[in-house]
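Pasting final_24.txt here (compact mmCIF, C-alpha atoms and all ligand atoms):
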```
# COMPACT_ATOMS: atom_id res chain seq x y z
CA MET P 1 16.93 -36.56 -43.24
CA THR P 2 17.30 -37.16 -46.99
CA LEU P 3 20.78 -38.19 -47.97
CA LYS P 4 22.17 -38.23 -51.50
CA PHE P 5 25.48 -39.99 -52.02
CA TYR P 6 27.27 -39.06 -55.25
CA ALA P 7 29.73 -41.81 -56.09
CA ASP P 8 31.41 -44.04 -58.60
CA PRO P 9 31.62 -47.49 -56.98
CA GLY P 10 34.96 -48.11 -58.73
CA SER P 11 36.59 -45.46 -56.51
CA SER P 12 38.34 -46.60 -53.36
CA SER P 13 37.44 -43.28 -51.69
CA CYS P 14 33.77 -43.94 -52.42
CA ARG P 15 34.25 -47.46 -51.05
CA ARG P 16 35.24 -45.99 -47.66
CA VAL P 17 31.87 -44.23 -47.48
CA SER P 18 29.85 -47.12 -48.99
CA ALA P 19 31.22 -49.43 -46.32
CA VAL P 20 30.02 -47.07 -43.56
CA ILE P 21 26.57 -46.75 -45.18
CA LYS P 22 26.25 -50.53 -45.37
CA HIS P 23 27.75 -51.14 -41.92
CA LEU P 24 25.35 -48.75 -40.19
CA ASN P 25 22.42 -49.59 -42.46
CA ILE P 26 21.84 -45.94 -43.39
CA ASP P 27 19.22 -45.09 -45.97
CA VAL P 28 20.78 -43.06 -48.82
CA GLU P 29 19.91 -42.35 -52.42
CA GLU P 30 22.99 -43.20 -54.46
CA VAL P 31 23.65 -41.00 -57.49
CA PHE P 32 26.05 -42.62 -59.94
CA ILE P 33 28.78 -40.25 -61.13
CA ASP P 34 30.50 -42.02 -64.00
CA LEU P 35 34.17 -40.99 -63.74
CA LEU P 36 34.88 -42.72 -67.05
CA ALA P 37 32.31 -40.50 -68.79
CA ARG P 38 33.74 -37.48 -66.90
CA GLN P 39 30.40 -36.72 -65.23
CA ASN P 40 32.49 -35.41 -62.31
CA ARG P 41 33.49 -32.51 -64.55
CA SER P 42 29.92 -31.39 -65.37
CA GLU P 43 28.95 -27.87 -64.32
CA LYS P 44 26.30 -29.30 -62.01
CA PHE P 45 28.70 -31.62 -60.19
CA LEU P 46 31.37 -28.91 -59.88
CA THR P 47 28.90 -26.73 -57.96
CA LEU P 48 28.76 -29.55 -55.35
CA ASN P 49 32.51 -30.08 -55.28
CA PRO P 50 34.77 -27.66 -57.16
CA THR P 51 37.61 -30.23 -57.01
CA GLY P 52 35.53 -32.48 -59.28
CA MET P 53 36.09 -35.46 -57.01
CA VAL P 54 33.78 -38.11 -55.64
CA PRO P 55 32.49 -38.91 -53.05
CA VAL P 56 30.05 -36.13 -52.16
CA LEU P 57 27.21 -36.32 -49.65
CA VAL P 58 24.23 -33.94 -49.65
CA ASP P 59 21.95 -33.88 -46.63
CA ASP P 60 18.70 -32.10 -47.46
CA GLN P 61 17.67 -31.41 -43.91
CA ALA P 62 14.04 -30.64 -43.19
CA GLU P 63 15.10 -27.23 -41.88
CA GLY P 64 17.97 -24.99 -42.94
CA ASP P 65 20.31 -25.14 -45.91
CA PRO P 66 21.40 -28.50 -47.28
CA ILE P 67 24.73 -29.76 -46.00
CA VAL P 68 27.11 -30.52 -48.85
CA LEU P 69 30.19 -32.50 -47.87
CA SER P 70 33.15 -33.75 -49.85
CA GLU P 71 36.21 -35.64 -48.51
CA ALA P 72 35.39 -39.22 -47.62
CA GLY P 73 36.79 -38.93 -44.08
CA ALA P 74 34.48 -36.02 -43.24
CA ILE P 75 31.50 -37.84 -44.79
CA MET P 76 32.25 -41.02 -42.84
CA ILE P 77 32.37 -39.15 -39.54
CA TYR P 78 29.22 -37.17 -40.42
CA LEU P 79 27.32 -40.41 -41.11
CA CYS P 80 28.48 -42.02 -37.85
CA GLU P 81 27.54 -38.94 -35.84
CA SER P 82 24.17 -38.59 -37.57
CA VAL P 83 23.09 -42.04 -36.35
CA GLY P 84 24.90 -41.81 -32.99
CA ASP P 85 27.31 -44.64 -33.83
CA THR P 86 30.14 -45.30 -31.38
CA THR P 87 31.47 -48.53 -32.92
CA LEU P 88 33.11 -47.35 -36.14
CA TRP P 89 33.67 -43.92 -34.55
CA PRO P 90 34.29 -44.67 -30.88
CA SER P 91 33.67 -42.22 -28.08
CA GLY P 92 36.20 -40.95 -25.55
CA THR P 93 39.92 -40.90 -26.05
CA GLN P 94 39.83 -43.79 -28.56
CA ARG P 95 38.17 -41.41 -31.02
CA PHE P 96 41.36 -39.36 -31.25
CA THR P 97 43.46 -42.46 -31.94
CA VAL P 98 41.06 -43.34 -34.77
CA LEU P 99 41.29 -39.77 -36.07
CA LYS P 100 45.09 -39.87 -35.85
CA TRP P 101 45.22 -42.95 -38.10
CA MET P 102 42.68 -41.44 -40.52
CA LEU P 103 44.83 -38.32 -40.90
CA TRP P 104 48.01 -40.41 -41.20
CA ALA P 105 46.32 -42.49 -43.89
CA ALA P 106 45.46 -39.38 -45.91
CA GLU P 107 48.77 -37.62 -45.52
CA HIS P 108 51.11 -40.61 -45.76
CA PHE P 109 49.93 -44.18 -46.25
CA ARG P 110 47.47 -43.59 -49.12
CA GLN P 111 49.86 -41.47 -51.18
CA PRO P 112 51.52 -44.21 -53.30
CA ALA P 113 48.25 -45.82 -54.47
CA PRO P 114 46.96 -43.07 -56.82
CA ILE P 115 50.44 -42.71 -58.35
CA TYR P 116 50.55 -46.42 -59.18
CA PHE P 117 46.94 -46.32 -60.41
CA GLU P 118 47.63 -43.44 -62.78
CA GLU P 119 50.89 -44.88 -64.09
CA VAL P 120 50.04 -48.59 -64.28
CA VAL P 121 46.27 -48.57 -65.05
CA ILE P 122 45.43 -45.21 -66.66
CA ALA P 123 48.61 -44.36 -68.61
CA PRO P 124 48.44 -47.48 -70.83
CA LEU P 125 44.76 -46.74 -71.58
CA MET P 126 45.82 -43.31 -72.80
CA GLY P 127 48.68 -44.79 -74.82
CA VAL P 128 51.22 -43.06 -72.57
CA SER P 129 54.23 -44.90 -71.18
CA GLU P 130 54.80 -45.31 -67.46
CA ASN P 131 56.59 -42.42 -65.76
CA THR P 132 59.30 -44.34 -63.89
CA ALA P 133 60.25 -41.30 -61.76
CA ARG P 134 56.73 -41.21 -60.33
CA ILE P 135 56.81 -44.96 -59.60
CA SER P 136 60.17 -44.51 -57.84
CA GLU P 137 58.68 -41.75 -55.71
CA ALA P 138 55.69 -43.98 -54.85
CA ASN P 139 58.11 -46.76 -53.86
CA ARG P 140 60.05 -44.33 -51.68
CA LEU P 141 56.85 -43.32 -49.88
CA LEU P 142 55.78 -46.94 -49.45
CA ALA P 143 59.19 -47.89 -48.03
CA LEU P 144 58.89 -45.00 -45.58
CA HIS P 145 55.32 -45.52 -44.39
CA GLY P 146 54.57 -49.22 -45.03
CA PRO P 147 56.78 -50.48 -42.15
CA ILE P 148 54.99 -48.17 -39.69
CA LEU P 149 51.59 -49.73 -40.33
CA ASP P 150 53.06 -53.22 -40.71
CA GLY P 151 54.78 -52.93 -37.32
CA HIS P 152 51.61 -51.58 -35.69
CA LEU P 153 49.60 -54.54 -37.01
CA ARG P 154 52.11 -57.18 -35.89
CA ASP P 155 49.86 -58.40 -33.07
CA ARG P 156 46.56 -56.76 -34.03
CA ASP P 157 43.54 -57.68 -36.15
CA PHE P 158 42.23 -54.10 -36.19
CA VAL P 159 44.06 -50.78 -36.19
CA VAL P 160 42.43 -49.42 -32.99
CA GLY P 161 40.91 -51.59 -30.26
CA GLY P 162 39.40 -55.01 -30.84
CA THR P 163 36.80 -54.22 -33.52
CA VAL P 164 36.63 -52.48 -36.89
CA THR P 165 36.69 -48.66 -36.92
CA LEU P 166 36.88 -45.91 -39.55
CA ALA P 167 40.68 -46.17 -39.22
CA ASP P 168 40.60 -49.67 -40.76
CA PHE P 169 38.47 -48.51 -43.71
CA ASP P 170 40.71 -45.48 -44.33
CA LEU P 171 43.92 -47.51 -44.21
CA ALA P 172 42.67 -50.56 -46.14
CA ALA P 173 41.07 -48.55 -48.96
CA PRO P 174 44.28 -48.11 -51.03
CA LEU P 175 44.67 -51.89 -51.22
CA SER P 176 41.36 -52.05 -53.12
CA GLN P 177 43.01 -51.56 -56.54
CA MET P 178 46.07 -53.67 -55.74
CA THR P 179 45.35 -56.44 -58.25
CA ARG P 180 45.16 -53.85 -61.04
CA SER P 181 47.71 -51.22 -60.01
CA LYS P 182 50.25 -53.68 -58.55
CA VAL P 183 51.34 -51.58 -55.57
CA PRO P 184 53.75 -53.97 -53.81
CA TYR P 185 51.90 -54.10 -50.47
CA ASN P 186 52.72 -57.81 -50.33
CA LYS P 187 56.14 -56.80 -48.99
CA PHE P 188 54.29 -56.26 -45.71
CA PRO P 189 53.00 -59.54 -44.23
CA ASN P 190 51.08 -57.99 -41.32
CA ILE P 191 49.31 -55.52 -43.60
CA MET P 192 48.33 -58.37 -45.94
CA ARG P 193 47.03 -60.54 -43.05
CA TRP P 194 45.03 -57.65 -41.56
CA ALA P 195 43.57 -56.68 -44.96
CA LYS P 196 42.49 -60.26 -45.63
CA GLY P 197 40.99 -60.47 -42.13
CA LEU P 198 38.89 -57.37 -42.85
CA GLU P 199 37.62 -58.81 -46.14
CA ASP P 200 36.78 -62.10 -44.42
CA SER P 201 35.21 -60.80 -41.21
CA VAL P 202 33.63 -57.42 -42.01
CA GLU P 203 30.69 -57.89 -44.35
CA SER P 204 30.26 -54.20 -45.18
CA TRP P 205 33.91 -54.04 -46.28
CA ARG P 206 33.61 -57.19 -48.37
CA VAL P 207 30.39 -56.04 -50.09
CA SER P 208 31.85 -52.63 -50.97
CA GLY P 209 34.95 -54.41 -52.33
CA THR P 210 32.86 -56.65 -54.55
CA ALA P 211 31.00 -53.61 -55.92
CA LEU P 212 34.34 -51.89 -56.61
CA ASN P 213 35.75 -54.90 -58.44
CA ASN P 214 32.59 -55.36 -60.52
CA ARG P 215 32.64 -51.71 -61.54
CA MET P 216 36.36 -51.76 -62.36
CA ASP P 217 36.09 -54.99 -64.38
CA LYS P 218 33.32 -53.37 -66.43
CA ALA P 219 35.10 -50.02 -66.75
CA LEU P 220 38.34 -51.64 -67.90
CA SER P 221 36.72 -54.07 -70.34
CA PRO P 222 38.00 -53.32 -73.86
CA THR P 223 34.72 -51.68 -75.00
CA ASN P 224 34.53 -49.27 -72.08
CA ALA P 225 38.25 -48.55 -72.00
CA GLU P 226 37.85 -47.27 -75.56
CA GLY P 227 35.08 -44.93 -74.36
CA GLY P 228 37.24 -43.74 -71.47
CA ARG P 229 40.11 -42.96 -73.81
CA ALA P 230 37.83 -40.98 -76.14
CA ALA P 231 36.32 -39.06 -73.19
CA ALA P 232 39.75 -38.11 -71.93
CA GLU P 233 40.89 -36.73 -75.26
N1 LIG P 301 40.72 -36.56 -50.73
C1 LIG P 301 39.56 -37.07 -51.41
C2 LIG P 301 40.02 -37.87 -52.60
C3 LIG P 301 38.88 -38.34 -53.47
C4 LIG P 301 39.39 -38.92 -54.78
O1 LIG P 301 40.60 -39.08 -55.00
N2 LIG P 301 38.46 -39.18 -55.69
C5 LIG P 301 38.84 -39.68 -57.00
C6 LIG P 301 38.32 -41.11 -57.18
S1 LIG P 301 39.09 -42.21 -56.03
C7 LIG P 301 38.18 -38.81 -58.07
O2 LIG P 301 37.07 -38.37 -57.91
N3 LIG P 301 38.91 -38.57 -59.16
C8 LIG P 301 38.39 -37.85 -60.27
C9 LIG P 301 39.26 -36.72 -60.70
O3 LIG P 301 40.24 -36.41 -60.01
O4 LIG P 301 38.94 -36.12 -61.73
C10 LIG P 301 38.70 -37.90 -50.46
O5 LIG P 301 39.27 -38.47 -49.51
O6 LIG P 301 37.47 -37.98 -50.64
```
Can the structure in the file be given as structure tokens, please?
Ligand SMILES: N[C@@H](CCC(=O)N[C@@H](CS)C(=O)NCC(=O)O)C(=O)O
Amino acid sequence: MTLKFYADPGSSSCRRVSAVIKHLNIDVEEVFIDLLARQNRSEKFLTLNPTGMVPVLVDDQAEGDPIVLSEAGAIMIYLCESVGDTTLWPSGTQRFTVLKWMLWAAEHFRQPAPIYFEEVVIAPLMGVSENTARISEANRLLALHGPILDGHLRDRDFVVGGTVTLADFDLAAPLSQMTRSKVPYNKFPNIMRWAKGLEDSVESWRVSGTALNNRMDKALSPTNAEGGRAAAE
């Protein structure tokens, strides 16, 4: 199988997939889609994913039509299944508990992070002031959902079972931009302890985090931020 992974390493959704690729040692060709240069809006990229979002995975199988997948969660599961992994994506009933947390992450826990990112990181680059109503809504969502995960993690190092699964990657991803976007996750001591434990003990997660931070530092350096502003106008 020939796999092409279209990604910007500064994206926390791409990080979820990168961590799986690294964790399972899967051979992929990475195609850099520069979000800052709006390459995700090119005609060619939009034929792969009409939403214009990374990540995208294309599997050029030897036989049949290529498989084109967007949505990080679907890509992560596809990769695990394609190599027969049952560690990140356990078999049996545990699989449905992992899936439950992945869906909960998408529908609830991850919601505040992009709001903070747009208002605290992107808006100033565009010379726009912070929309306080959106930040209030993000805080409302965090106050609603944060205690659920924090309570679940009270006596756990991983979200499901005793080792890392896709549920950990999906739930920890929104903390990736925390130093820049300032989402107040530090109100939740168990979430903070668990997230640090993942960074310390899961190499694939740490490596993908380093790549994300390097990319973001470069993207937000004054020279590049100027380019990003021009591209957005
Ligand atoms: N639901 C999608 C979200 C992906 C997503 O939000 N991608 C962002 C980067 S983190 C993106 O491509 N943004 C570019 C845009 O919206 O134009 C997934 O889980 O893969």
Q: Please give me, as a ChimeraX atom specification, the residues lying within 9 Å of ligand LIG 301 (chain P) when counting all atoms listed in the file.
A: /P:7-8,10-17,35,38,40-41,51-56,70-75,106,114,170
Output, as JSON, the centre and edge lengths in Å (one decimal) of the axis-aligned box that contains all listed atoms of range 10-26 of chain P with 6 Å of margin on each side.
```
{"center_x": 30.1, "center_y": -47.2, "center_z": -49.5, "size_x": 28.5, "size_y": 19.9, "size_z": 30.5}
```
Q: Write out as a PyMOL selection string each polymer residue whose atoms come within 8 Å of range 196-212 of chain P, counting only C-alpha atoms; drop sequence neighbours fewer than 6 positions from it.
A: chain P and resi 9-12+15+18-20+22-23+157+164+169+176
Q: Tell me, in Å to one decimal, how far CA of Trp104 in chain P is from CA of Leu24 in chain P.
A: 24.2 Å
Q. So how far away is CA of His108 in chain P from CA of Gly161 in chain P, in Å?
A. 21.6 Å
Q.
With distances taken over all atoms listed in the file, which residue among P:Ala113, P:Asn190, P:Val128, P:Arg134 lies nearest Ala173 in chain P?
A.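 With all atoms listed in the file as the atom set, the closest residue is P:Ala113.
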Q: Go through P:Ser91, P:Ala105, P:Phe117, P:Leu46 one by one, measure the shortest atom-to-atom distance of each to Met178 in chain P using only C-alpha atoms, and give the residue with the smallest value.
A: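 The answer is P:Phe117, which sits nearest to Met178 in chain P.
Closest approach to Ser136 in chain P among P:Glu107, P:His152, P:Val160, P:Val183 is made by P:Val183 (distances from only C-alpha atoms).
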(Q) Show me, as number ranges by chain, the residues that have an atom within 8 Å of Leu142 in chain P when counting all atoms listed in the file, minus same-chain residues fewer than 4 positions from it. (A) P: 109, 112, 138, 146
